[in-house]
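Q: Please find final25.txt (compact mmCIF, C-alpha atoms) on the next line:
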# COMPACT_ATOMS: atom_id res chain seq x y z
CA MET J 1 4.41 -1.43 11.37
CA GLU J 2 3.20 2.03 12.35
CA SER J 3 5.73 2.07 15.20
CA ASP J 4 8.67 2.17 12.76
CA PHE J 5 7.68 5.69 11.78
CA ASP J 6 7.49 8.71 14.03
CA TYR J 7 6.07 10.83 11.19
CA THR J 8 3.41 10.11 8.64
CA GLN J 9 1.40 11.63 5.86
CA ASN J 10 -2.17 10.45 5.29
CA ILE J 11 -4.06 11.05 2.08
CA VAL J 12 -7.82 10.67 2.29
CA VAL J 13 -9.79 10.05 -0.90
CA ARG J 14 -13.49 10.40 -1.67
CA THR J 15 -14.96 7.23 -3.07
CA ASP J 16 -18.26 8.81 -4.15
CA ILE J 17 -16.91 10.21 -7.40
CA LYS J 18 -16.19 8.28 -10.58
CA ILE J 19 -12.54 8.63 -11.47
CA SER J 20 -10.01 6.48 -13.32
CA LYS J 21 -7.04 4.84 -11.61
CA GLY J 22 -4.58 7.14 -13.35
CA LYS J 23 -6.50 10.30 -12.51
CA LEU J 24 -6.94 9.24 -8.90
CA SER J 25 -3.22 8.57 -8.59
CA VAL J 26 -2.43 12.04 -9.86
CA GLN J 27 -4.85 13.63 -7.39
CA ILE J 28 -3.24 11.71 -4.52
CA ALA J 29 0.22 12.71 -5.71
CA HIS J 30 -0.96 16.31 -5.86
CA ALA J 31 -2.15 16.10 -2.24
CA ALA J 32 1.16 14.54 -1.19
CA VAL J 33 3.27 17.27 -2.78
CA SER J 34 1.03 20.11 -1.58
CA ALA J 35 0.72 18.90 2.02
CA ALA J 36 4.48 18.27 2.11
CA GLU J 37 5.01 21.84 0.91
CA ALA J 38 2.64 23.10 3.61
CA ALA J 39 4.68 21.21 6.21
CA ARG J 40 7.98 22.49 4.82
CA ASN J 41 6.68 26.04 5.23
CA THR J 42 5.10 25.71 8.67
CA HIS J 43 6.69 22.69 10.41
CA ARG J 44 10.08 22.30 8.83
CA GLU J 45 11.37 19.83 11.39
CA TRP J 46 8.40 17.51 10.86
CA TRP J 47 8.94 17.69 7.11
CA SER J 48 12.66 17.05 7.39
CA ASN J 49 12.28 14.12 9.79
CA TRP J 50 9.57 12.59 7.63
CA LEU J 51 11.80 12.73 4.54
CA SER J 52 14.70 11.22 6.50
CA GLU J 53 12.52 8.34 7.68
CA GLY J 54 11.49 7.54 4.13
CA GLN J 55 8.25 9.50 3.70
CA ARG J 56 5.67 7.16 5.14
CA LYS J 57 2.36 7.68 3.34
CA VAL J 58 -0.98 5.97 3.86
CA ALA J 59 -3.95 6.26 1.50
CA LEU J 60 -7.35 6.16 3.21
CA LYS J 61 -10.94 6.58 2.06
CA VAL J 62 -14.21 8.24 2.98
CA ASP J 63 -17.64 7.90 1.44
CA HIS J 64 -18.62 11.56 1.12
CA LEU J 65 -17.30 15.05 0.46
CA GLU J 66 -18.62 16.16 3.87
CA ASP J 67 -16.23 13.71 5.55
CA LEU J 68 -13.27 15.45 3.92
CA GLY J 69 -14.49 18.81 5.23
CA ARG J 70 -14.89 17.44 8.73
CA LEU J 71 -11.41 15.85 8.66
CA LYS J 72 -9.87 19.07 7.39
CA ALA J 73 -11.51 21.02 10.23
CA GLU J 74 -10.11 18.55 12.77
CA ALA J 75 -6.65 18.74 11.23
CA ASP J 76 -6.82 22.55 11.21
CA ARG J 77 -7.81 22.53 14.88
CA LEU J 78 -4.61 20.55 15.62
CA SER J 79 -2.59 22.96 13.41
CA LEU J 80 -1.54 20.12 11.13
CA PRO J 81 -0.33 20.90 7.61
CA VAL J 82 -3.10 20.03 5.15
CA ALA J 83 -3.91 20.30 1.46
CA LEU J 84 -7.44 19.97 0.09
CA ILE J 85 -7.24 19.13 -3.60
CA GLU J 86 -9.68 20.28 -6.26
CA ASP J 87 -9.58 18.87 -9.74
CA ARG J 88 -9.25 21.33 -12.59
CA GLY J 89 -12.07 19.54 -14.34
CA LEU J 90 -10.29 19.38 -17.68
CA THR J 91 -11.05 15.74 -18.25
CA GLU J 92 -13.20 13.45 -16.12
CA LEU J 93 -14.72 15.65 -13.40
CA PRO J 94 -16.63 18.95 -13.20
CA PRO J 95 -14.25 21.89 -12.49
CA GLY J 96 -13.57 22.43 -8.80
CA THR J 97 -14.52 18.93 -7.69
CA VAL J 98 -12.81 18.22 -4.37
CA THR J 99 -11.06 14.86 -4.70
CA CYS J 100 -8.83 14.28 -1.68
CA LEU J 101 -7.19 15.69 1.42
CA GLY J 102 -3.52 15.41 2.39
CA ILE J 103 -2.70 15.60 6.11
CA GLY J 104 0.90 15.86 7.24
CA PRO J 105 3.76 15.04 7.31
CA ALA J 106 3.30 15.34 11.05
CA PRO J 107 3.89 13.21 14.13
CA THR J 108 2.04 9.92 13.68
CA GLY J 109 0.13 10.28 16.96
CA LEU J 110 -1.29 13.64 15.89
CA VAL J 111 -2.34 12.46 12.44
CA ASP J 112 -3.92 9.36 13.97
CA LYS J 113 -6.15 11.58 16.07
CA VAL J 114 -7.79 12.75 12.87
CA THR J 115 -7.76 9.61 10.74
CA LYS J 116 -7.76 6.62 13.08
CA LYS J 117 -11.29 5.52 12.22
CA LEU J 118 -10.77 5.52 8.47
CA GLN J 119 -10.26 2.49 6.25
CA LEU J 120 -7.36 1.96 3.87
CA LEU J 121 -8.05 2.87 0.25
CA MET H 1 -4.25 20.85 -23.01
CA GLU H 2 -0.51 20.29 -22.77
CA SER H 3 0.08 23.82 -24.10
CA ASP H 4 -1.38 25.38 -20.94
CA PHE H 5 1.60 24.15 -18.97
CA ASP H 6 5.23 25.04 -19.55
CA TYR H 7 6.34 22.58 -16.87
CA THR H 8 5.29 19.04 -16.13
CA GLN H 9 6.01 16.06 -13.97
CA ASN H 10 5.51 12.58 -15.39
CA ILE H 11 5.22 9.49 -13.25
CA VAL H 12 5.75 6.19 -15.02
CA VAL H 13 4.39 3.02 -13.46
CA ARG H 14 5.21 -0.65 -14.11
CA THR H 15 2.13 -2.66 -14.93
CA ASP H 16 3.82 -6.07 -14.63
CA ILE H 17 3.53 -6.24 -10.85
CA LYS H 18 0.43 -7.03 -8.84
CA ILE H 19 -0.38 -4.13 -6.56
CA SER H 20 -3.54 -2.72 -5.03
CA LYS H 21 -4.99 0.65 -6.00
CA GLY H 22 -4.11 2.16 -2.62
CA LYS H 23 -0.57 0.88 -2.67
CA LEU H 24 -0.02 2.04 -6.23
CA SER H 25 -1.29 5.51 -5.36
CA VAL H 26 1.16 5.74 -2.49
CA GLN H 27 4.06 4.68 -4.74
CA ILE H 28 3.09 7.34 -7.28
CA ALA H 29 2.80 9.96 -4.54
CA HIS H 30 6.22 8.93 -3.30
CA ALA H 31 7.67 9.44 -6.78
CA ALA H 32 5.97 12.82 -7.06
CA VAL H 33 7.37 14.11 -3.76
CA SER H 34 10.85 12.69 -4.34
CA ALA H 35 11.21 13.95 -7.91
CA ALA H 36 9.88 17.35 -6.82
CA GLU H 37 12.51 17.40 -4.07
CA ALA H 38 15.18 16.49 -6.61
CA ALA H 39 14.05 19.40 -8.77
CA ARG H 40 13.95 21.79 -5.82
CA ASN H 41 17.58 20.90 -5.10
CA THR H 42 18.94 20.98 -8.64
CA HIS H 43 16.57 23.10 -10.76
CA ARG H 44 14.87 25.44 -8.34
CA GLU H 45 13.36 27.66 -11.02
CA TRP H 46 11.72 24.70 -12.76
CA TRP H 47 10.33 23.54 -9.42
CA SER H 48 9.06 26.99 -8.49
CA ASN H 49 7.44 27.62 -11.86
CA TRP H 50 5.81 24.20 -11.84
CA LEU H 51 4.27 24.86 -8.42
CA SER H 52 3.05 28.28 -9.56
CA GLU H 53 1.39 26.76 -12.61
CA GLY H 54 -0.49 24.25 -10.49
CA GLN H 55 1.81 21.22 -10.52
CA ARG H 56 0.83 19.47 -13.70
CA LYS H 57 1.31 15.73 -13.29
CA VAL H 58 0.69 12.91 -15.74
CA ALA H 59 0.66 9.20 -14.84
CA LEU H 60 1.95 6.91 -17.58
CA LYS H 61 2.65 3.20 -17.84
CA VAL H 62 5.21 0.71 -19.11
CA ASP H 63 5.04 -3.08 -19.31
CA HIS H 64 8.42 -3.99 -17.83
CA LEU H 65 11.01 -3.02 -15.26
CA GLU H 66 13.59 -2.68 -18.04
CA ASP H 67 11.54 0.13 -19.56
CA LEU H 68 11.83 2.15 -16.35
CA GLY H 69 15.60 1.70 -16.39
CA ARG H 70 15.81 2.84 -19.99
CA LEU H 71 13.62 5.90 -19.32
CA LYS H 72 15.69 6.81 -16.28
CA ALA H 73 18.88 6.63 -18.34
CA GLU H 74 17.34 8.93 -20.95
CA ALA H 75 16.19 11.37 -18.29
CA ASP H 76 19.64 11.31 -16.67
CA ARG H 77 21.23 12.03 -20.05
CA LEU H 78 19.06 15.18 -20.28
CA SER H 79 19.96 16.09 -16.66
CA LEU H 80 16.30 15.96 -15.65
CA PRO H 81 15.39 15.52 -11.98
CA VAL H 82 14.26 11.93 -11.43
CA ALA H 83 13.26 9.60 -8.61
CA LEU H 84 13.19 5.82 -9.01
CA ILE H 85 10.96 4.37 -6.31
CA GLU H 86 11.49 1.02 -4.58
CA ASP H 87 8.86 -0.44 -2.33
CA ARG H 88 9.89 -1.31 1.20
CA GLY H 89 8.23 -4.66 0.75
CA LEU H 90 6.43 -4.51 4.08
CA THR H 91 3.10 -5.54 2.65
CA GLU H 92 2.32 -6.61 -0.89
CA LEU H 93 5.65 -6.72 -2.74
CA PRO H 94 9.11 -8.26 -2.17
CA PRO H 95 11.50 -5.74 -0.56
CA GLY H 96 13.27 -3.51 -3.04
CA THR H 97 10.75 -3.98 -5.85
CA VAL H 98 11.03 -1.01 -8.21
CA THR H 99 7.51 0.33 -8.76
CA CYS H 100 7.69 3.65 -10.60
CA LEU H 101 9.79 6.52 -11.87
CA GLY H 102 9.14 10.21 -11.37
CA ILE H 103 10.55 12.59 -14.00
CA GLY H 104 10.44 16.32 -13.43
CA PRO H 105 9.12 18.90 -12.74
CA ALA H 106 10.94 20.15 -15.82
CA PRO H 107 10.08 21.98 -19.03
CA THR H 108 7.35 20.02 -20.82
CA GLY H 109 9.34 19.77 -24.05
CA LEU H 110 12.25 18.11 -22.27
CA VAL H 111 10.09 15.62 -20.38
CA ASP H 112 8.24 14.79 -23.59
CA LYS H 113 11.52 13.76 -25.19
CA VAL H 114 11.70 10.92 -22.69
CA THR H 115 8.04 9.92 -22.34
CA LYS H 116 6.27 10.89 -25.55
CA LYS H 117 5.71 7.30 -26.69
CA LEU H 118 4.13 6.12 -23.44
CA GLN H 119 0.44 5.52 -22.78
CA LEU H 120 -1.57 7.08 -19.97
CA LEU H 121 -2.00 4.89 -16.88
Go through the file and emit its structure as structure tokens.

A:
Amino acid sequence: MESDFDYTQNIVVRTDIKISKGKLSVQIAHAAVSAAEAARNTHREWWSNWLSEGQRKVALKVDHLEDLGRLKAEADRLSLPVALIEDRGLTELPPGTVTCLGIGPAPTGLVDKVTKKLQLL
Amino acid sequence: MESDFDYTQNIVVRTDIKISKGKLSVQIAHAAVSAAEAARNTHREWWSNWLSEGQRKVALKVDHLEDLGRLKAEADRLSLPVALIEDRGLTELPPGTVTCLGIGPAPTGLVDKVTKKLQLL
């Protein structure tokens, strides 16, 4: 299936915080929009091709906040567009709680270098 | 809380289909990106202001596909940016299954006209 898409966006979620389905969905959507905006500003061709292909997105999970930091550092090292999302803390979580990380849109092979060991959400 | 935000994006999800948490999150993210793109193309000031405010998003639910169609018609009547999302059907759902509807970013008062009776996801 992966081979149908030259570009992908991965969204990596922490599973060590308690958060409702609706709230989690909004955090993931926030990461998707923000990382797409980052790509539009820095890698416009990746962004454009990803939209044309139908915006492949994959939701993945990690157990700890530290994993998100490590993944972000790896993505930064590869100059991939990223967005680390903090919750405003208005409802379920303390203010500033990091919830998820959006990586890409970017070429699938590059994103895979960062996320290939992760499990699907 | 609503009063802090002049602009909002609502994402309305069908609850009458069986879909995993990860898959649902991706569908909602897809709606968020696509409806934001629609706004960027047709109501650039709304889009820009919404981003500046921090991209308020609310996930809501309906019981039936027909409800999504009705909401989309109402949003279209108000000339709001919308994105109706169909799943590719590669994994859990039959191809072309409509999963959710993104409305906005747009002024909160306008979006509320369409979605005010809906419950949070």

Q: When you count all atoms listed in the file, which of these residues is closest to Val58 of chain H: J:Leu118, J:Ala29, J:Cys100, J:Ala106?

A: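 Checking each of J:Leu118, J:Ala29, J:Cys100, J:Ala106 against Val58 of chain H, counting all atoms listed in the file, the winner is J:Ala29.
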
Q: Residues of chain J were defined as contacting chain H if any atom lay at most 9 Å from it, counting all atoms listed in the file; please report them as JSON, numbers by chain.

A: {"J": [1, 11, 20, 21, 22, 23, 24, 25, 26, 27, 28, 29, 30, 31, 32, 33, 34, 36, 51, 55, 56, 57, 58, 59, 60, 90, 120, 121]}

Q: Show which residues sit within 8 Å of Asp87 of chain H, as a list in words. Count all atoms listed in the file, and ignore same-chain residues fewer than 3 positions away.

A: Gln27, Leu90, Leu93, Pro94, Pro95, Gly96, Thr97, Val98 and Thr99 of chain H

Q: So that I can check the surroundings of Ala38 of chain H, please list as a list in words every protein, DNA and RNA residue that reaches within 8 Å of it, counting all atoms listed in the file and ignoring chain neighbours fewer than 6 positions away.

A: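 Skipping anything fewer than 6 positions along the chain leaves Pro81, Val82 and Ala83 of chain H.
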
Q: Quote the spacing between atom CA of Leu101 of chain H and atom CA of Ser52 of chain J in Å to one decimal place.

A: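 Rounded to one decimal, the two atoms are 19.6 Å apart.
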
Q: Please write out, as JSON, where the centre of an axis-aligned box around all listed atoms of segment 14-25 of chain H lies and how long its edges are, in Å to one decimal, after adding 8 Å on each side.

A:
{"center_x": 0.1, "center_y": -0.8, "center_z": -8.8, "size_x": 26.2, "size_y": 28.5, "size_z": 28.3}
